[in-house]
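Colleague: Sending over my_file17.txt (compact mmCIF, C-alpha atoms and all ligand atoms).
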```txt
# COMPACT_ATOMS: atom_id res chain seq x y z
CA MET O 1 114.12 62.18 76.63
CA ILE O 2 117.50 61.82 74.93
CA ILE O 3 117.35 60.56 71.36
CA LEU O 4 120.21 59.32 69.25
CA SER O 5 119.36 59.48 65.55
CA ILE O 6 121.03 58.24 62.38
CA GLU O 7 120.38 59.29 58.78
CA THR O 8 122.08 57.63 55.81
CA SER O 9 119.40 57.66 53.12
CA CYS O 10 121.61 59.15 50.41
CA ASP O 11 125.06 60.70 50.35
CA ASP O 12 125.29 62.34 53.78
CA THR O 13 126.22 60.39 56.89
CA CYS O 14 124.40 62.09 59.76
CA VAL O 15 124.24 61.45 63.50
CA ALA O 16 122.51 63.68 66.05
CA ILE O 17 121.51 63.71 69.69
CA LEU O 18 118.41 65.62 70.79
CA ASP O 19 117.28 66.32 74.31
CA ILE O 20 113.51 66.79 74.32
CA LYS O 21 112.07 67.93 77.61
CA LYS O 22 108.39 68.82 77.89
CA SER O 23 108.41 72.01 75.91
CA GLN O 24 111.91 72.26 74.54
CA ILE O 25 113.98 70.57 71.89
CA LYS O 26 117.71 70.93 72.38
CA VAL O 27 120.07 69.78 69.69
CA LEU O 28 122.99 68.43 71.75
CA SER O 29 124.98 67.20 68.75
CA ASP O 30 124.34 67.37 65.04
CA PHE O 31 126.97 65.96 62.71
CA VAL O 32 126.77 65.71 58.95
CA SER O 33 129.61 64.08 57.08
CA SER O 34 129.13 65.22 53.51
CA GLN O 35 130.29 63.03 50.66
CA THR O 36 130.14 65.83 48.09
CA GLN O 37 133.84 65.54 47.26
CA ILE O 38 133.55 61.80 46.68
CA HIS O 39 130.64 62.08 44.23
CA ALA O 40 131.47 65.42 42.58
CA PRO O 41 133.78 63.94 39.90
CA PHE O 42 130.87 61.71 38.78
CA GLY O 43 128.27 64.51 38.72
CA GLY O 44 125.89 62.52 40.94
CA VAL O 45 125.71 60.02 43.78
CA VAL O 46 127.49 56.71 43.15
CA PRO O 47 125.65 54.24 45.43
CA ASN O 48 128.50 51.85 46.22
CA LEU O 49 130.87 54.71 47.07
CA ALA O 50 128.15 56.22 49.26
CA VAL O 51 127.64 52.97 51.20
CA ARG O 52 131.36 52.54 51.73
CA ALA O 53 131.60 56.09 53.10
CA HIS O 54 128.62 55.52 55.43
CA TYR O 55 130.23 52.42 56.93
CA LYS O 56 133.50 54.29 57.34
CA ASN O 57 131.98 57.46 58.81
CA LEU O 58 129.28 56.16 61.15
CA PRO O 59 131.67 54.91 63.88
CA ILE O 60 133.65 58.16 63.65
CA LEU O 61 130.54 60.32 64.11
CA LEU O 62 129.22 58.09 66.90
CA GLU O 63 132.51 58.36 68.75
CA GLU O 64 132.24 62.12 68.38
CA VAL O 65 128.69 62.39 69.78
CA PHE O 66 129.51 60.04 72.65
CA LYS O 67 132.30 62.39 73.71
CA LYS O 68 129.58 64.87 74.67
CA THR O 69 126.73 62.61 75.74
CA ASP O 70 127.13 59.52 77.90
CA PRO O 71 125.64 56.60 75.91
CA LYS O 72 123.97 55.39 79.11
CA LYS O 73 121.77 58.50 79.06
CA ILE O 74 120.25 57.68 75.69
CA ASP O 75 116.55 56.72 75.90
CA LEU O 76 115.68 56.12 72.26
CA ILE O 77 117.39 55.29 68.99
CA ALA O 78 115.92 56.51 65.70
CA ALA O 79 117.08 55.67 62.19
CA THR O 80 115.87 56.53 58.70
CA VAL O 81 114.34 53.44 57.09
CA GLY O 82 113.28 55.00 53.77
CA PRO O 83 112.78 56.30 51.21
CA GLY O 84 116.32 56.42 49.84
CA LEU O 85 119.06 54.29 48.36
CA GLU O 86 118.48 50.89 49.91
CA PRO O 87 122.12 49.87 50.51
CA CYS O 88 122.76 53.29 52.08
CA LEU O 89 119.68 52.99 54.29
CA TRP O 90 120.86 49.56 55.46
CA ALA O 91 124.15 51.05 56.68
CA GLY O 92 122.27 53.30 59.14
CA VAL O 93 119.61 50.73 60.00
CA ARG O 94 122.20 48.08 60.78
CA GLN O 95 124.15 50.48 62.98
CA ALA O 96 120.99 51.57 64.81
CA ARG O 97 119.95 47.96 65.38
CA LEU O 98 123.36 47.10 66.83
CA LEU O 99 123.23 50.10 69.15
CA ALA O 100 119.68 49.31 70.29
CA LEU O 101 120.60 45.69 70.98
CA GLY O 102 123.85 46.53 72.70
CA MET O 103 122.37 49.30 74.83
CA GLY O 104 119.02 47.62 75.43
CA LYS O 105 117.13 50.74 74.29
CA PRO O 106 113.95 51.12 72.24
CA ILE O 107 114.30 51.85 68.55
CA VAL O 108 112.06 53.50 65.94
CA GLY O 109 112.30 53.49 62.17
CA VAL O 110 111.70 56.94 60.69
CA ASN O 111 110.36 58.00 57.31
CA HIS O 112 112.87 60.42 55.79
CA LEU O 113 110.05 62.63 54.46
CA GLU O 114 108.46 62.94 57.89
CA GLY O 115 111.93 63.93 59.02
CA HIS O 116 111.94 66.78 56.48
CA ILE O 117 108.55 67.93 57.82
CA ALA O 118 109.88 67.74 61.39
CA ALA O 119 112.84 69.95 60.39
CA ASN O 120 110.41 72.88 60.57
CA PHE O 121 110.37 72.43 64.33
CA VAL O 122 114.04 71.81 65.04
CA GLY O 123 116.07 74.78 66.09
CA GLY O 124 113.98 77.69 64.87
CA ASN O 125 115.40 80.89 63.49
CA PRO O 126 118.48 82.30 65.25
CA LYS O 127 117.06 85.80 64.75
CA HIS O 128 114.29 84.82 67.10
CA ALA O 129 116.45 82.96 69.60
CA ARG O 130 114.89 84.76 72.53
CA GLN O 131 111.31 84.17 71.50
CA ARG O 132 111.98 80.60 70.57
CA ARG O 133 111.90 79.49 74.17
CA VAL O 134 108.17 79.20 74.27
CA ARG O 135 106.19 76.27 75.52
CA LEU O 136 104.66 74.02 72.95
CA TRP O 137 103.31 70.69 71.83
CA ARG O 138 102.98 69.17 75.21
CA LYS O 139 100.90 66.09 74.77
CA ILE O 140 101.79 64.34 71.61
CA ARG O 141 98.84 61.98 71.70
CA ASN O 142 96.41 64.80 71.31
CA PRO O 143 97.25 66.77 68.20
CA LYS O 144 95.19 69.65 69.52
CA LYS O 145 97.57 70.14 72.42
CA VAL O 146 100.62 68.59 70.96
CA LEU O 147 104.29 69.16 70.69
CA SER O 148 107.07 70.90 72.37
CA SER O 149 109.99 73.01 71.42
CA GLN O 150 111.99 76.08 70.92
CA PHE O 151 109.48 77.19 68.42
CA PRO O 152 110.09 78.65 64.97
CA ALA O 153 108.99 82.04 63.80
CA CYS O 154 106.49 82.69 61.07
CA HIS O 155 108.58 83.76 58.10
CA ALA O 156 105.69 85.66 56.56
CA CYS O 157 104.94 88.03 59.43
CA GLY O 158 108.38 87.69 61.08
CA LYS O 159 106.92 87.00 64.51
CA ALA O 160 107.78 84.00 66.68
CA LEU O 161 104.76 81.88 67.47
CA THR O 162 103.62 81.44 71.01
CA GLY O 163 102.55 78.21 72.66
CA ARG O 164 98.91 79.26 72.51
CA GLN O 165 99.07 79.56 68.73
CA VAL O 166 100.38 76.05 68.23
CA PRO O 167 97.09 74.13 68.30
CA ASN O 168 96.07 76.33 65.40
CA LEU O 169 98.91 75.28 63.11
CA PHE O 170 96.94 72.47 61.53
CA PRO O 171 95.74 71.63 58.96
CA ALA O 172 98.94 72.56 57.16
CA ILE O 173 100.39 72.18 53.71
CA CYS O 174 104.04 71.21 53.45
CA LEU O 175 106.02 71.50 50.23
CA ILE O 176 108.87 68.98 50.37
CA VAL O 177 111.46 69.81 47.72
CA SER O 178 114.64 67.77 47.75
CA GLY O 179 116.94 65.90 45.41
CA GLY O 180 114.67 62.86 45.43
CA HIS O 181 111.21 64.32 46.07
CA THR O 182 108.85 67.11 45.17
CA GLN O 183 105.64 66.59 47.07
CA LEU O 184 102.80 68.65 48.42
CA VAL O 185 101.64 67.09 51.66
CA TRP O 186 98.45 67.88 53.52
CA ILE O 187 99.06 67.55 57.25
CA LYS O 188 95.96 67.08 59.36
CA ALA O 189 98.03 66.62 62.49
CA ILE O 190 101.43 65.22 63.36
CA GLY O 191 101.48 61.66 62.03
CA GLN O 192 98.51 62.21 59.70
CA TYR O 193 99.71 62.95 56.20
CA LYS O 194 98.26 62.82 52.72
CA ILE O 195 100.25 63.43 49.55
CA ILE O 196 98.09 65.65 47.35
CA GLY O 197 100.59 66.15 44.54
CA GLN O 198 104.05 65.10 43.47
CA THR O 199 106.45 65.20 40.58
CA ARG O 200 105.75 62.98 37.60
CA ASP O 201 109.40 62.87 36.57
CA ASP O 202 112.36 64.77 38.03
CA ALA O 203 112.35 66.20 41.54
CA ALA O 204 113.05 69.94 41.79
CA GLY O 205 116.50 69.34 43.33
CA GLU O 206 117.26 66.79 40.64
CA ALA O 207 116.40 69.40 37.98
CA PHE O 208 118.79 71.86 39.66
CA ASP O 209 121.49 69.17 39.69
CA LYS O 210 120.94 68.18 36.06
CA VAL O 211 120.93 71.76 34.78
CA ALA O 212 124.10 72.44 36.77
CA LYS O 213 125.66 69.42 35.12
CA LEU O 214 124.71 70.77 31.68
CA LEU O 215 126.41 74.01 32.64
CA ASP O 216 129.42 72.23 34.11
CA LEU O 217 128.88 73.93 37.46
CA GLY O 218 129.66 70.94 39.69
CA TYR O 219 127.69 68.81 42.12
CA PRO O 220 125.38 69.32 43.98
CA GLY O 221 124.00 71.81 41.52
CA GLY O 222 121.37 73.65 43.57
CA PRO O 223 123.73 75.89 45.54
CA GLN O 224 125.87 76.57 42.43
CA ILE O 225 122.89 77.65 40.35
CA ALA O 226 121.60 79.81 43.20
CA LEU O 227 125.00 81.50 43.40
CA LYS O 228 125.16 82.26 39.67
CA ALA O 229 121.52 83.36 39.66
CA GLN O 230 122.37 86.16 42.10
CA ASN O 231 124.18 87.96 39.28
CA GLY O 232 121.71 87.10 36.54
CA HIS O 233 118.45 88.49 35.16
CA SER O 234 115.58 86.07 35.53
CA ASP O 235 113.63 87.47 32.58
CA THR O 236 116.38 87.03 29.98
CA PHE O 237 115.34 83.57 28.80
CA LYS O 238 111.73 82.54 28.37
CA LEU O 239 111.46 79.11 29.97
CA PRO O 240 108.29 77.05 30.43
CA ARG O 241 106.46 76.81 33.77
CA PRO O 242 105.42 73.14 33.46
CA MET O 243 101.96 72.23 34.76
CA ILE O 244 101.55 75.62 36.43
CA ASP O 245 97.91 75.85 35.32
CA ALA O 246 97.07 72.14 35.65
CA SER O 247 94.02 71.41 37.77
CA ASN O 248 95.98 68.99 39.99
CA TYR O 249 98.94 69.48 42.33
CA ASP O 250 101.46 67.43 40.37
CA PHE O 251 104.76 68.75 39.08
CA SER O 252 107.00 67.99 36.12
CA PHE O 253 110.51 69.34 35.73
CA SER O 254 112.09 67.25 33.01
CA GLY O 255 110.68 69.45 30.20
CA LEU O 256 112.19 72.50 31.83
CA LYS O 257 115.57 70.77 31.89
CA THR O 258 115.16 69.93 28.19
CA ALA O 259 114.30 73.56 27.44
CA VAL O 260 117.60 74.55 29.04
CA LEU O 261 119.41 71.87 27.06
CA TYR O 262 117.86 73.29 23.88
CA LEU O 263 119.17 76.74 24.73
CA LEU O 264 122.62 75.31 25.28
CA THR O 265 122.78 73.28 22.10
CA PRO O 266 125.05 75.06 19.60
CA PRO O 267 123.33 76.33 16.47
CA ALA O 268 123.13 73.66 13.81
CA PRO O 269 123.96 74.28 10.14
CA PRO O 270 121.45 76.32 8.12
CA LEU O 271 117.86 75.13 7.81
CA SER O 272 118.52 73.49 4.45
CA LYS O 273 121.08 71.19 6.14
CA GLY O 274 119.08 70.04 9.15
CA GLY O 275 117.60 73.10 10.73
CA ARG O 276 118.43 75.36 13.64
CA ARG O 277 118.45 73.28 16.82
CA GLY O 278 119.56 75.56 19.57
CA ARG O 279 120.97 78.95 20.43
CA GLY O 280 124.19 77.90 22.12
CA VAL O 281 123.97 80.62 24.76
CA TYR O 282 126.34 78.78 27.08
CA PHE O 283 129.24 79.59 24.88
CA GLN O 284 128.50 83.30 24.67
CA ASN O 285 129.75 84.64 28.00
CA GLU O 286 129.64 84.38 31.80
CA GLN O 287 126.65 86.75 31.98
CA SER O 288 124.62 84.41 29.75
CA VAL O 289 125.25 81.59 32.21
CA ASN O 290 124.19 83.78 35.13
CA ASP O 291 121.06 84.86 33.25
CA LEU O 292 120.24 81.28 32.35
CA CYS O 293 120.64 80.17 36.00
CA ALA O 294 118.40 83.03 37.17
CA SER O 295 115.78 82.27 34.49
CA PHE O 296 115.78 78.55 35.31
CA GLN O 297 115.60 79.16 39.07
CA LYS O 298 112.72 81.60 38.57
CA ALA O 299 110.80 79.07 36.45
CA VAL O 300 111.12 76.40 39.19
CA ILE O 301 110.20 78.85 41.94
CA ASP O 302 107.17 80.18 40.06
CA VAL O 303 105.74 76.67 39.70
CA LEU O 304 106.48 75.67 43.30
CA ILE O 305 104.89 78.82 44.70
CA ALA O 306 101.81 78.78 42.44
CA LYS O 307 101.00 75.16 43.34
CA THR O 308 101.64 75.63 47.05
CA ILE O 309 99.46 78.74 47.29
CA LYS O 310 96.68 77.01 45.34
CA ALA O 311 96.83 73.96 47.62
CA ALA O 312 96.91 76.09 50.77
CA LYS O 313 93.81 77.97 49.58
CA GLU O 314 91.87 74.88 48.59
CA TYR O 315 92.76 72.92 51.71
CA LYS O 316 92.24 75.96 53.93
CA ALA O 317 95.67 75.48 55.44
CA LYS O 318 96.46 77.47 58.54
CA THR O 319 100.17 76.99 57.97
CA VAL O 320 102.42 76.51 54.98
CA MET O 321 105.69 74.68 55.59
CA LEU O 322 108.68 74.34 53.29
CA SER O 323 111.18 71.48 53.61
CA GLY O 324 114.01 69.61 51.91
CA GLY O 325 117.31 70.63 50.37
CA VAL O 326 115.81 73.04 47.82
CA ALA O 327 114.15 74.91 50.72
CA ALA O 328 117.67 76.19 51.44
CA ASN O 329 117.32 78.31 48.29
CA LYS O 330 117.20 81.94 49.48
CA GLU O 331 115.15 83.17 46.55
CA LEU O 332 112.52 80.46 47.06
CA ARG O 333 112.29 81.26 50.77
CA LYS O 334 111.99 84.99 50.07
CA GLN O 335 109.45 84.72 47.26
CA MET O 336 107.34 82.15 49.08
CA SER O 337 107.14 84.38 52.14
CA VAL O 338 106.16 87.39 49.98
CA ALA O 339 103.51 85.33 48.17
CA ILE O 340 102.04 84.09 51.45
CA ARG O 341 102.03 87.56 52.96
CA ASN O 342 100.26 88.97 49.90
CA LYS O 343 97.91 86.18 48.97
CA LEU O 344 97.26 84.39 52.26
CA PRO O 345 97.75 87.03 54.94
CA LEU O 346 96.21 84.87 57.66
CA THR O 347 98.38 81.84 56.91
CA ARG O 348 101.60 81.17 58.79
CA PHE O 349 104.76 80.22 56.96
CA LEU O 350 107.37 77.98 58.55
CA VAL O 351 110.69 77.07 57.00
CA PRO O 352 113.64 75.38 58.73
CA ASP O 353 117.00 77.03 59.27
CA THR O 354 119.03 76.34 56.14
CA ARG O 355 121.21 73.75 57.88
CA PHE O 356 118.11 71.69 58.68
CA CYS O 357 116.77 71.90 55.10
CA THR O 358 119.35 69.52 53.63
CA ASP O 359 119.64 66.02 55.08
CA ASN O 360 120.48 65.86 58.77
CA ALA O 361 119.86 63.52 61.68
CA ALA O 362 118.32 66.11 64.03
CA MET O 363 115.10 66.10 61.97
CA ILE O 364 115.08 62.29 62.10
CA GLY O 365 115.43 62.44 65.89
CA LEU O 366 112.37 64.68 66.23
CA ALA O 367 110.27 62.62 63.82
CA GLY O 368 111.38 59.51 65.75
CA TYR O 369 110.27 61.14 68.99
CA TRP O 370 106.83 61.94 67.54
CA LYS O 371 106.44 58.37 66.35
CA TYR O 372 107.60 56.88 69.64
CA LYS O 373 105.19 59.07 71.63
CA GLN O 374 102.29 58.10 69.40
CA ARG O 375 102.97 54.41 68.77
CA GLY O 376 105.87 53.28 70.98
CA GLY O 377 109.04 51.56 69.77
CA ASP O 378 109.34 49.18 66.82
CA LYS O 379 110.41 45.56 67.07
CA ILE O 380 114.05 45.37 66.14
CA GLU O 381 113.48 42.88 63.31
CA LYS O 382 110.81 45.21 61.86
CA ILE O 383 113.38 47.97 61.35
CA VAL O 384 114.22 47.30 57.74
CA ALA O 385 115.30 49.57 54.91
CA LYS O 386 112.60 50.34 52.34
CA ALA O 387 113.80 52.25 49.31
CA ASN O 388 110.29 53.28 48.18
CA LEU O 389 108.68 53.98 51.54
CA ASN O 390 105.82 56.47 51.28
CA LEU O 391 104.52 58.96 53.79
O1 LIG E 1 117.14 67.07 51.18
P1 LIG E 1 118.43 66.86 50.49
O2 LIG E 1 119.69 67.20 51.24
O3 LIG E 1 118.59 65.38 50.00
C1 LIG E 1 117.52 64.61 49.54
O4 LIG E 1 116.75 64.10 50.38
O5 LIG E 1 117.43 64.53 48.30
O6 LIG E 1 118.37 67.71 49.13
C2 LIG E 1 119.45 67.78 48.25
C3 LIG E 1 119.02 68.60 47.06
C4 LIG E 1 120.04 68.59 45.93
O7 LIG E 1 119.39 68.31 44.72
C5 LIG E 1 120.58 70.02 45.92
O8 LIG E 1 120.97 70.47 44.65
C6 LIG E 1 119.39 70.79 46.43
O9 LIG E 1 118.81 69.98 47.44
N1 LIG E 1 119.79 72.09 47.02
C7 LIG E 1 119.44 73.28 46.51
C8 LIG E 1 120.06 74.26 47.31
N2 LIG E 1 120.77 73.63 48.29
C9 LIG E 1 120.59 72.29 48.10
N3 LIG E 1 118.66 73.60 45.46
C10 LIG E 1 118.47 74.90 45.18
N4 LIG E 1 119.04 75.89 45.89
C11 LIG E 1 119.84 75.64 46.95
N5 LIG E 1 120.39 76.64 47.64
ZN ZN E 2 116.29 64.50 52.14
```
Could you rewrite the structure in this file as structure tokens?

Modeller:
Amino acid sequence: MIILSIETSCDDTCVAILDIKKSQIKVLSDFVSSQTQIHAPFGGVVPNLAVRAHYKNLPILLEEVFKKTDPKKIDLIAATVGPGLEPCLWAGVRQARLLALGMGKPIVGVNHLEGHIAANFVGGNPKHARQRRVRLWRKIRNPKKVLSSQFPACHACGKALTGRQVPNLFPAICLIVSGGHTQLVWIKAIGQYKIIGQTRDDAAGEAFDKVAKLLDLGYPGGPQIALKAQNGHSDTFKLPRPMIDASNYDFSFSGLKTAVLYLLTPPAPPLSKGGRRGRGVYFQNEQSVNDLCASFQKAVIDVLIAKTIKAAKEYKAKTVMLSGGVAANKELRKQMSVAIRNKLPLTRFLVPDTRFCTDNAAMIGLAGYWKYKQRGGDKIEKIVAKANLNL
């Protein structure tokens, strides 16, 4: 089955074509038109600029993918319907509707978060390219036999999974960490999700972006902080680990951001004249910035790992998955795999290739395929953008 997918939930215009045959997922085309340069001067996404760029870029990307794949061969159209910025979502939804009408093909609306979960099964790890060609997930209706694909490797033990191991992947726990979400999701089977914890304020990616803004490192902040952190010492600054010992699976990152702000605030006049407010480390030297980035990154990672491991233990997860833009963070990937190897040696750990961690349309194509196989296509008028769509 050939699937054309569109993702425009935020500031990336993405179009992909997947070819899913029985046991293999082939990514025929995967285009992401990043709007980073447009939004960077504003330090965050400006919705009306994002929409304008989506409308401008969609036809260009579609023309590009149709150079490689004959539009007549397309069997299904998938588009992200939410959650996201509603006007941005509408750009993709409208385009997908027009294509489905014009081509007379079925269409499915895809939840962006299910897309991030699906990213764990798109592509696999290039290191394991040979092993990836294993048979999988054949009958989607029966989660016990399910799915298909070039299959990913377990990042804890380093071994590629075989088709026979696939029925044993569930139940799983997926940590979705992006610019808009931080959620722990219990996955009973494909299509059966329950959110067991989420952030009460800022998402992890948002915290990275805001701290980067405080440090004047540019947008998006995650990759910049990760880069600086490579040359920093993570134990230099004592930062809080919010809610790490809470009895639930919720997160909170805004206090951590404030703690960083406090460190950056220049020292105030002596106590008698208003008290000492901050330490002003930012202005000391480049190494202080690197140390602060490393300390902040470590604080976020510690919380994410502690909660994920706790959830995986309690829910007796057979697999832990990691998704979303922040999952591209090398240190998080490394430390999560070490923690799983040490604390949950029998649990598998899946994480997408870095290019499928941040927003892309390939993951939407696979999630669309799952949905279509389970429930068939959606009525065209039912494909509507929903900014607050839940899993
Ligand atoms: O999934 P995504 O592309 O978009 C949303 O659905 O939000 O995630 C974008 C987020 C941004 O906040 C960005 O700063 C963060 O992912 N991010 C990172 C890294 N790469 C992207 N955060 C930490 N480390 C990274 N290497
Ligand atoms: Zn996303």

Colleague: Around the point (129.7, 62.3, 72.6), in the coordinates given by the file, pick out the residues reaching within 12 Å, counting only C-alpha atoms, and return them as a ChimeraX atom specification.

Modeller: /O:4,15-18,28-31,59-74

Colleague: Within 7 Å of ligand ZN 2 (chain E), which residues of chain O show up? Give each one with its shortest atom-to-atom distance in Å (one decimal) and the two atoms involved, counting all atoms listed in the file, rows by chain then rising residue number, as a Markdown table.

Modeller:
```
| residue | atom | partner | partner_atom | distance |
| --- | --- | --- | --- | --- |
| O:His112 | CA | E:ZN2 | ZN | 6.5 |
| O:Leu113 | CA | E:ZN2 | ZN | 6.9 |
| O:His116 | CA | E:ZN2 | ZN | 6.6 |
| O:Ser178 | CA | E:ZN2 | ZN | 5.7 |
| O:Gly179 | CA | E:ZN2 | ZN | 6.9 |
| O:Gly324 | CA | E:ZN2 | ZN | 5.6 |
| O:Gly325 | CA | E:ZN2 | ZN | 6.5 |
| O:Thr358 | CA | E:ZN2 | ZN | 6.1 |
| O:Asp359 | CA | E:ZN2 | ZN | 4.7 |
```

Colleague: Using only C-alpha atoms and all ligand atoms, which residues of the polymer chains come no farther than 9 Å from ligand LIG 1 (chain E)? I'd like the answer as an NGL selection string.

Modeller: :O and (9-12 or 83-84 or 112-113 or 116 or 176-181 or 203-210 or 212 or 219-227 or 297 or 323-332 or 354 or 356-360)

Colleague: Take CA of Val27 in chain O and CA of Ser5 in chain O and report the distance between them in Å, one decimal.

Modeller: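 CA of Ser5 in chain O lies at a distance of 11.1 Å from CA of Val27 in chain O.
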
Colleague: Kindly indicate which residue among O:Glu7, O:Glu86, O:Asp202, O:Asp19 lies nearest to Asn57 in chain O, using all atoms listed in the file for the distances.

Modeller: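 Closest to Asn57 in chain O, using all atoms listed in the file: O:Glu7.
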
Colleague: I'd like the neighbourhood of Phe237 in chain O as a list in words, where a residue qualifies if any of its atoms comes within 8 Å (using all atoms listed in the file), though same-chain residues fewer than 5 positions away should be ignored.

Modeller: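 Surrounding residues, per the criterion: Asp291, Leu292 and Ser295 of chain O.
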
Colleague: Can you measure CA of Lys238 in chain O to CA of Lys298 in chain O for me? One decimal in Å is fine.

Modeller: 10.3 Å

Colleague: May I ask for the distance between CA of Gly104 in chain O and CA of Gly365 in chain O, given in Å to one decimal place?

Modeller: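 Computing the Euclidean distance for CA of Gly104 in chain O and CA of Gly365 in chain O yields 18.0 Å.
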
Colleague: Can you work out which one of O:Pro171, O:Gly82, O:Pro242, O:Pro345 has the shortest atom-to-atom distance to Ile383 in chain O, counting all atoms listed in the file?

Modeller: O:Gly82

Colleague: Return the single residue from O:Leu239, O:Arg97, O:Ala294, O:Tyr315 that is closest to Ile196 in chain O, with distances computed using all atoms listed in the file.

Modeller: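 Closest to Ile196 in chain O, using all atoms listed in the file: O:Tyr315.
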
Colleague: Taking into account all atoms listed in the file, which residue in the set O:Val320, O:Ile305, O:Ala53, O:Cys14 is nearest to Pro352 in chain O?

Modeller: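 Nearest to Pro352 in chain O: O:Val320.
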
Colleague: Using 6 Å of padding on each side, determine the axis-aligned box around all atoms of range 250-260 of chain O present in the file and give its centre and edge lengths in Å to one decimal, as AutoDock Vina command-line options.

Modeller:
```
--center_x 109.5 --center_y 70.9 --center_z 33.9 --size_x 28.1 --size_y 19.3 --size_z 24.9
```

Colleague: Tell me which residues come within 7 Å of (118.9, 50.6, 65.2), as a list in words, counting all atoms listed in the file in the file's coordinates.

Modeller: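 Within 7 Å of (118.9, 50.6, 65.2), the protein and nucleic acid residues are Ile77, Ala78, Ala79, Val93, Arg94, Gln95, Ala96, Arg97, Leu98, Leu99, Ala100 and Ile107 of chain O.
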
Colleague: Find, counting all atoms listed in the file, the residue in O:Lys343, O:Lys307, O:His233, O:His155 that gets nearest to Thr199 in chain O.

Modeller: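 Nearest candidate to Thr199 in chain O out of O:Lys343, O:Lys307, O:His233, O:His155: O:Lys307.
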
Colleague: In terms of the shortest atom-to-atom distance over all atoms listed in the file, which of O:Cys88, O:Leu169, O:Ala387, O:Leu264 is closest to Val45 in chain O?

Modeller: O:Cys88
